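Okay, protein.pdb is below, PDB, C-alpha atoms and all ligand atoms:
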ATOM      1  CA  MET A   1       0.155  23.395  57.128
ATOM      2  CA  PHE A   2       0.282  26.308  54.737
ATOM      3  CA  GLN A   3       3.627  25.115  53.436
ATOM      4  CA  LEU A   4       2.307  21.620  52.921
ATOM      5  CA  ARG A   5      -0.694  22.854  50.948
ATOM      6  CA  LYS A   6       1.502  25.003  48.779
ATOM      7  CA  HIS A   7       3.772  22.092  48.061
ATOM      8  CA  PHE A   8       0.792  19.903  47.290
ATOM      9  CA  SER A   9      -0.771  22.329  44.844
ATOM     10  CA  LEU A  10       2.555  22.887  43.092
ATOM     11  CA  SER A  11       2.954  19.196  42.460
ATOM     12  CA  SER A  12      -0.617  18.858  41.162
ATOM     13  CA  THR A  13       0.040  21.774  38.842
ATOM     14  CA  LEU A  14       3.157  20.058  37.585
ATOM     15  CA  ILE A  15       1.256  16.826  37.050
ATOM     16  CA  TYR A  16      -1.470  18.757  35.259
ATOM     17  CA  ILE A  17       1.113  20.404  32.974
ATOM     18  CA  PHE A  18       2.753  17.053  32.385
ATOM     19  CA  ILE A  19      -0.560  15.457  31.351
ATOM     20  CA  LEU A  20      -1.386  18.425  29.129
ATOM     21  CA  SER A  21       1.993  18.174  27.404
ATOM     22  CA  LEU A  22       1.427  14.452  26.861
ATOM     23  CA  ILE A  23      -1.938  15.086  25.265
ATOM     24  CA  PHE A  24      -0.473  17.873  23.163
ATOM     25  CA  SER A  25       2.492  15.853  21.922
ATOM     26  CA  THR A  26       0.261  12.873  21.106
ATOM     27  CA  SER A  27      -2.127  14.948  19.044
ATOM     28  CA  LEU A  28       0.811  16.711  17.413
ATOM     29  CA  SER A  29       2.397  13.465  16.256
ATOM     30  CA  ALA A  30      -0.986  12.203  15.055
ATOM     31  CA  ASN A  31      -1.309  15.347  12.960
ATOM     32  CA  GLN A  32       2.169  14.932  11.567
ATOM     33  CA  ASN A  33       1.335  11.383  10.476
ATOM     34  CA  LYS A  34      -1.812  12.665   8.882
ATOM     35  CA  ASN A  35       0.125  15.294   6.961
ATOM     36  CA  LYS A  36       2.656  12.754   5.742
ATOM     37  CA  GLY A  37      -0.343  10.794   4.477
ATOM     38  CA  ILE A  38       0.634   7.334   3.383
ATOM     39  CA  PRO A  39      -0.887   6.537   0.989
ATOM     40  CA  THR A  40      -0.931  10.130  -0.208
ATOM     41  CA  GLN A  41      -4.013  11.964  -1.358
ATOM     42  CA  GLU A  42      -2.487  11.763  -4.829
ATOM     43  CA  ASP A  43      -2.413   7.939  -4.612
ATOM     44  CA  GLN A  44      -6.005   7.922  -3.428
ATOM     45  CA  GLU A  45      -7.161  10.257  -6.195
ATOM     46  CA  PHE A  46      -5.400   8.125  -8.780
ATOM     47  CA  LEU A  47      -7.127   4.997  -7.453
ATOM     48  CA  ASN A  48     -10.488   6.804  -7.432
ATOM     49  CA  LYS A  49      -9.956   7.803 -11.058
ATOM     50  CA  ILE A  50      -9.330   4.196 -12.149
ATOM     51  CA  VAL A  51     -12.277   2.883 -10.132
ATOM     52  CA  GLU A  52     -14.495   5.493 -11.747
ATOM     53  CA  ASN A  53     -13.183   4.776 -15.265
ATOM     54  CA  ILE A  54     -13.914   1.070 -15.073
ATOM     55  CA  GLY A  55     -17.007   1.346 -12.899
ATOM     56  CA  PHE A  56     -15.573  -1.031 -10.312
ATOM     57  CA  GLU A  57     -18.199  -1.727  -7.689
ATOM     58  CA  ASP A  58     -16.306  -3.223  -4.748
ATOM     59  CA  GLU A  59     -14.363  -1.036  -2.385
ATOM     60  CA  ILE A  60     -10.581  -0.914  -2.883
ATOM     61  CA  VAL A  61      -8.305   0.296  -0.100
ATOM     62  CA  ILE A  62      -4.591   1.056  -0.361
ATOM     63  CA  SER A  63      -2.666  -0.019   2.712
ATOM     64  CA  VAL A  64       1.080   0.571   3.164
ATOM     65  CA  GLY A  65       3.033  -1.287   5.824
ATOM     66  CA  PRO A  66       5.875  -3.679   6.615
ATOM     67  CA  TYR A  67       4.556  -6.418   4.356
ATOM     68  CA  TYR A  68       7.582  -7.712   2.445
ATOM     69  CA  LYS A  69       8.411 -11.243   3.635
ATOM     70  CA  ALA A  70       5.978 -10.687   6.496
ATOM     71  CA  GLN A  71       4.177 -13.654   7.960
ATOM     72  CA  LYS A  72       1.616 -11.479   9.671
ATOM     73  CA  ILE A  73       0.007  -8.544   7.953
ATOM     74  CA  SER A  74      -2.107  -5.987   9.774
ATOM     75  CA  LEU A  75      -4.689  -4.304   7.572
ATOM     76  CA  THR A  76      -5.922  -0.789   8.205
ATOM     77  CA  ASN A  77      -9.288  -2.166   9.353
ATOM     78  CA  GLY A  78      -7.634  -4.196  12.111
ATOM     79  CA  VAL A  79      -7.787  -7.527  10.271
ATOM     80  CA  VAL A  80      -4.578  -9.523  10.669
ATOM     81  CA  LEU A  81      -3.574 -11.874   7.869
ATOM     82  CA  VAL A  82      -1.345 -14.817   8.573
ATOM     83  CA  ILE A  83       0.723 -15.688   5.510
ATOM     84  CA  ASN A  84       1.521 -19.371   5.216
ATOM     85  CA  ASN A  85       4.087 -19.093   2.451
ATOM     86  CA  LYS A  86       7.411 -18.242   4.082
ATOM     87  CA  ASN A  87       8.834 -17.044   0.788
ATOM     88  CA  PHE A  88       6.168 -14.449   0.347
ATOM     89  CA  LYS A  89       8.045 -11.682  -1.412
ATOM     90  CA  ALA A  90       6.531  -8.873  -3.453
ATOM     91  CA  PRO A  91       6.596  -5.073  -3.308
ATOM     92  CA  SER A  92       2.806  -5.161  -3.536
ATOM     93  CA  PHE A  93      -0.074  -7.548  -3.790
ATOM     94  CA  LEU A  94      -3.828  -7.648  -3.829
ATOM     95  CA  PHE A  95      -5.859  -9.198  -1.064
ATOM     96  CA  PHE A  96      -9.601  -9.669  -1.061
ATOM     97  CA  ASP A  97     -11.212  -9.763   2.364
ATOM     98  CA  ARG A  98     -14.268 -11.932   1.776
ATOM     99  CA  ASN A  99     -15.715 -11.137   5.180
ATOM    100  CA  VAL A 100     -16.198  -7.480   4.378
ATOM    101  CA  GLY A 101     -16.020  -7.600   0.555
ATOM    102  CA  ILE A 102     -13.091  -5.182   0.345
ATOM    103  CA  TYR A 103     -10.023  -5.387  -1.874
ATOM    104  CA  TYR A 104      -6.744  -4.280  -0.314
ATOM    105  CA  ILE A 105      -3.814  -3.091  -2.362
ATOM    106  CA  LEU A 106      -1.006  -3.899   0.052
ATOM    107  CA  ILE A 107       2.257  -2.080  -0.620
ATOM    108  CA  ASP A 108       5.405  -2.699   1.364
ATOM    109  CA  TYR A 109       6.505   0.472   3.108
ATOM    110  CA  LEU A 110      10.205   0.306   2.178
ATOM    111  CA  PHE A 111       9.371  -0.196  -1.490
ATOM    112  CA  TYR A 112       6.709   2.495  -1.342
ATOM    113  CA  LYS A 113       9.272   5.021  -0.107
ATOM    114  CA  LYS A 114      11.532   4.265  -3.092
ATOM    115  CA  PHE A 115       8.810   4.429  -5.737
ATOM    116  CA  THR A 116       8.531   7.406  -8.065
ATOM    117  CA  ILE A 117       5.072   8.828  -8.692
ATOM    118  CA  GLU A 118       4.866   6.883 -11.965
ATOM    119  CA  GLU A 119       5.972   3.673 -10.262
ATOM    120  CA  LYS A 120       3.256   4.090  -7.637
ATOM    121  CA  LYS A 121       0.752   4.528 -10.440
ATOM    122  CA  PHE A 122       2.010   1.346 -12.064
ATOM    123  CA  VAL A 123       1.648  -0.587  -8.797
ATOM    124  CA  ILE A 124      -1.851   0.722  -8.074
ATOM    125  CA  ALA A 125      -3.109   0.193 -11.625
ATOM    126  CA  HIS A 126      -1.526  -3.271 -11.813
ATOM    127  CA  GLU A 127      -3.273  -4.359  -8.614
ATOM    128  CA  VAL A 128      -6.625  -2.990  -9.789
ATOM    129  CA  GLY A 129      -5.973  -5.036 -12.934
ATOM    130  CA  HIS A 130      -5.861  -8.116 -10.703
ATOM    131  CA  ALA A 131      -9.096  -7.090  -9.009
ATOM    132  CA  GLN A 132     -10.714  -7.005 -12.443
ATOM    133  CA  ASN A 133      -9.619 -10.563 -13.201
ATOM    134  CA  PRO A 134      -9.890 -12.366  -9.859
ATOM    135  CA  ASN A 135     -10.244 -15.783 -11.508
ATOM    136  CA  LEU A 136      -6.785 -15.551 -13.086
ATOM    137  CA  ARG A 137      -4.931 -15.090  -9.834
ATOM    138  CA  GLY A 138      -1.640 -16.813  -9.242
ATOM    139  CA  SER A 139      -0.774 -17.408 -12.885
ATOM    140  CA  ILE A 140       1.599 -15.772 -15.342
ATOM    141  CA  VAL A 141      -1.417 -14.746 -17.401
ATOM    142  CA  ALA A 142      -2.786 -12.948 -14.337
ATOM    143  CA  GLU A 143       0.402 -10.879 -14.092
ATOM    144  CA  GLN A 144       0.362 -10.153 -17.820
ATOM    145  CA  LYS A 145      -3.269  -9.053 -17.813
ATOM    146  CA  ALA A 146      -2.639  -6.824 -14.786
ATOM    147  CA  ASP A 147       0.376  -5.289 -16.557
ATOM    148  CA  GLU A 148      -1.704  -4.678 -19.692
ATOM    149  CA  PHE A 149      -4.331  -2.950 -17.616
ATOM    150  CA  ALA A 150      -1.668  -0.728 -16.010
ATOM    151  CA  LEU A 151      -0.527   0.378 -19.481
ATOM    152  CA  LYS A 152      -3.725   2.407 -19.722
ATOM    153  CA  TYR A 153      -2.253   4.650 -17.024
ATOM    154  CA  VAL A 154       1.538   4.499 -17.311
ATOM    155  CA  SER A 155       4.026   4.309 -20.166
ATOM    156  CA  ILE A 156       5.494   0.999 -21.272
ATOM    157  CA  GLU A 157       8.906   2.370 -20.254
ATOM    158  CA  THR A 158       7.685   2.867 -16.678
ATOM    159  CA  ALA A 159       6.253  -0.661 -16.608
ATOM    160  CA  ILE A 160       9.435  -2.283 -17.955
ATOM    161  CA  ASP A 161      11.718  -0.200 -15.710
ATOM    162  CA  PHE A 162       9.609  -1.234 -12.759
ATOM    163  CA  LEU A 163       9.885  -4.932 -13.585
ATOM    164  CA  GLU A 164      13.655  -4.626 -14.163
ATOM    165  CA  LYS A 165      14.140  -2.826 -10.871
ATOM    166  CA  TYR A 166      11.849  -4.704  -8.536
ATOM    167  CA  SER A 167      11.556  -8.301  -9.757
ATOM    168  CA  GLU A 168      12.973 -10.937  -7.442
ATOM    169  CA  ALA A 169      16.217 -12.636  -8.499
ATOM    170  CA  ASP A 170      14.458 -16.020  -8.587
ATOM    171  CA  GLU A 171      11.701 -14.701 -10.837
ATOM    172  CA  GLU A 172      13.785 -14.026 -13.937
ATOM    173  CA  ASP A 173      11.558 -16.208 -16.066
ATOM    174  CA  LEU A 174       8.356 -14.506 -14.956
ATOM    175  CA  LYS A 175       9.939 -11.078 -15.447
ATOM    176  CA  ARG A 176      11.044 -11.996 -18.985
ATOM    177  CA  GLN A 177       7.576 -13.223 -19.931
ATOM    178  CA  ARG A 178       5.951 -10.112 -18.526
ATOM    179  CA  ILE A 179       8.326  -7.798 -20.401
ATOM    180  CA  GLU A 180       7.857  -9.775 -23.633
ATOM    181  CA  ASN A 181       4.109  -9.412 -23.203
ATOM    182  CA  LEU A 182       4.422  -5.640 -22.705
ATOM    183  CA  HIS A 183       6.399  -5.354 -25.959
ATOM    184  CA  LYS A 184       3.773  -7.482 -27.710
ATOM    185  CA  VAL A 185       0.957  -5.249 -26.457
ATOM    186  CA  LYS A 186       2.812  -2.158 -27.592
ATOM    187  CA  GLN A 187       3.362  -3.593 -31.084
ATOM    188  CA  GLY A 188      -0.147  -5.016 -31.422
TER     189      GLY A 188
HETATM  190 ZN    ZN A 201       0.587  -8.865  -9.909
END
Could you write out this structure as structure tokens?
Amino acid sequence: MFQLRKHFSLSSTLIYIFILSLIFSTSLSANQNKNKGIPTQEDQEFLNKIVENIGFEDEIVISVGPYYKAQKISLTNGVVLVINNKNFKAPSFLFFDRNVGIYYILIDYLFYKKFTIEEKKFVIAHEVGHAQNPNLRGSIVAEQKADEFALKYVSIETAIDFLEKYSEADEEDLKRQRIENLHKVKQG
């Protein structure tokens, strides 16, 4: 009987240690994710600065995830978007959630990891530029106006390099018109 009790308490101790280690490792990995911080505090501060400069009143949230060519996009607030266009390809885009009145700057994770600090600034500023002109969405002019807005925060070289590097192969024409517009803005 004594032996049995001893055995029993040893196994409960082991189970207890096992559960503790599970809890510990879970909270540890949560902390590590927090420290990695995607988007970074720097990204967030940059966005806050723009929002403050222009006095933008709606909330804007940066969300980074596996969004490129995705047909389902999970937002940080749990909303899931179903994308109808199968050719949906962009390193980043702006989504307005009408239900909650929040703009989301959605950045694909793999692109995000490649971006330099200046490129991230270009992406964030460009998307805020779209938020400022919601009625232009989906047109070349919309892209040009968003690029022009971004030029308040990044150099024209950064903007052009970005377009050269990250434009889709089937968007040569759009890329050319955007770069031409950037040159025009710089000259004018
Ligand atoms: Zn755009």
Write out as JSON an axis-aligned box for region 76-82 of chain A: all of its atoms listed in the file, 4 Å added on each side, centre and edge lengths in Å with one decimal.
{"center_x": -5.3, "center_y": -7.8, "center_z": 10.0, "size_x": 15.9, "size_y": 22.0, "size_z": 12.2}
Explicit residue set for the PyMOL selection byres (((not hetatm)) within 7 of (chain A and resi 201)), as number ranges by chain: A: 93, 126-127, 130, 142-143, 146
Hits from the PyMOL selection byres (((chain A and resi 74-88) around 10) and not hetatm), listed as a ChimeraX atom specification: /A:61-73,89-90,95,97,104,106
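Residue nearest Ile156 (chain A) within the list A:Asn181, A:Gln132, A:Ser139, A:Asn48: A:Asn181 [criterion: smallest interatomic distance, all atoms listed in the file].
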A:Val185, A:Ile107, A:Ile102, A:Leu163 ranked by distance to Glu57 (chain A), top pick (using only C-alpha atoms): A:Ile102
Residues within 12 Å of (9.2, -6.6, -24.4), file coords, all atoms listed in the file, listed as number ranges by chain: A: 144, 147, 156-157, 159-161, 163-164, 175-188
Straight-line distance linking CA of Phe56 (chain A) with CA of Lys114 (chain A), stated in Å to one decimal: 28.5 Å
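Atom pair CA of Gly55 (chain A) / CA of Phe111 (chain A) has a distance of 28.8 Å (rounded to one decimal).
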Selection result for the PyMOL selection byres (((chain A and resi 119) around 9) and not hetatm) on this file, as a PyMOL selection string: chain A and resi 115-118+120-124+154+158-159+161-162
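Near Ala125 (chain A), within 8 Å and counting only C-alpha atoms, sit Leu47, Ile50, Ala146, Phe149, Ala150 and Tyr153 of chain A; same-chain residues fewer than 6 positions away were not included.
CA of Ile38 (chain A) to CA of Val51 (chain A) spans 19.2 Å [interatomic distance, one decimal].
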Minimum-distance residue to Tyr109 (chain A), chosen among A:Asp58, A:Glu52, A:Pro134, A:Pro39 (using all atoms listed in the file): A:Pro39
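Distances to Phe96 (chain A) were evaluated for A:Ile60, A:Lys165, A:Lys113, A:Gly129 using only C-alpha atoms, and the minimum falls at A:Ile60.
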Incomplete region 45-68 of chain A brought to N, CA and C atoms, written out as a CSV table (one decimal), in the coordinates of the input:
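Below is the file out.csv, written as the result:
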chain,number,residue,atom,x,y,z
A,45,GLU,N,-6.4,9.7,-5.1
A,45,GLU,CA,-7.2,10.3,-6.2
A,45,GLU,C,-6.9,9.4,-7.5
A,46,PHE,N,-5.7,8.9,-7.6
A,46,PHE,CA,-5.4,8.1,-8.8
A,46,PHE,C,-6.2,6.8,-8.8
A,47,LEU,N,-6.3,6.2,-7.6
A,47,LEU,CA,-7.1,5.0,-7.5
A,47,LEU,C,-8.6,5.3,-7.7
A,48,ASN,N,-9.1,6.4,-7.2
A,48,ASN,CA,-10.5,6.8,-7.4
A,48,ASN,C,-10.8,7.0,-8.9
A,49,LYS,N,-9.8,7.6,-9.6
A,49,LYS,CA,-10.0,7.8,-11.1
A,49,LYS,C,-10.1,6.5,-11.8
A,50,ILE,N,-9.3,5.5,-11.5
A,50,ILE,CA,-9.3,4.2,-12.1
A,50,ILE,C,-10.7,3.5,-11.8
A,51,VAL,N,-11.0,3.5,-10.6
A,51,VAL,CA,-12.3,2.9,-10.1
A,51,VAL,C,-13.5,3.5,-10.9
A,52,GLU,N,-13.4,4.8,-11.0
A,52,GLU,CA,-14.5,5.5,-11.7
A,52,GLU,C,-14.5,5.1,-13.2
A,53,ASN,N,-13.3,5.1,-13.8
A,53,ASN,CA,-13.2,4.8,-15.3
A,53,ASN,C,-13.8,3.4,-15.6
A,54,ILE,N,-13.5,2.4,-14.7
A,54,ILE,CA,-13.9,1.1,-15.1
A,54,ILE,C,-15.2,0.7,-14.4
A,55,GLY,N,-15.7,1.6,-13.6
A,55,GLY,CA,-17.0,1.3,-12.9
A,55,GLY,C,-16.9,0.2,-11.9
A,56,PHE,N,-15.8,0.1,-11.3
A,56,PHE,CA,-15.6,-1.0,-10.3
A,56,PHE,C,-16.5,-0.8,-9.1
A,57,GLU,N,-17.2,-1.9,-8.7
A,57,GLU,CA,-18.2,-1.7,-7.7
A,57,GLU,C,-17.8,-2.0,-6.3
A,58,ASP,N,-16.8,-2.9,-6.1
A,58,ASP,CA,-16.3,-3.2,-4.7
A,58,ASP,C,-15.4,-2.1,-4.3
A,59,GLU,N,-15.3,-2.0,-3.0
A,59,GLU,CA,-14.4,-1.0,-2.4
A,59,GLU,C,-12.9,-1.5,-2.5
A,60,ILE,N,-12.0,-0.6,-2.8
A,60,ILE,CA,-10.6,-0.9,-2.9
A,60,ILE,C,-9.8,0.0,-1.9
A,61,VAL,N,-9.0,-0.5,-1.1
A,61,VAL,CA,-8.3,0.3,-0.1
A,61,VAL,C,-6.8,0.1,-0.3
A,62,ILE,N,-6.1,1.2,-0.3
A,62,ILE,CA,-4.6,1.1,-0.4
A,62,ILE,C,-4.1,1.0,1.1
A,63,SER,N,-3.2,0.1,1.4
A,63,SER,CA,-2.7,0.0,2.7
A,63,SER,C,-1.2,-0.2,2.6
A,64,VAL,N,-0.4,0.6,3.3
A,64,VAL,CA,1.1,0.6,3.2
A,64,VAL,C,1.6,0.2,4.5
A,65,GLY,N,2.5,-0.8,4.5
A,65,GLY,CA,3.0,-1.3,5.8
A,65,GLY,C,4.2,-2.2,5.6
A,66,PRO,N,4.7,-2.8,6.7
A,66,PRO,CA,5.9,-3.7,6.6
A,66,PRO,C,5.4,-5.1,6.2
A,67,TYR,N,5.2,-5.2,4.9
A,67,TYR,CA,4.6,-6.4,4.4
A,67,TYR,C,5.5,-7.4,3.7
A,68,TYR,N,6.6,-6.9,3.2
A,68,TYR,CA,7.6,-7.7,2.4
A,68,TYR,C,8.1,-8.8,3.3
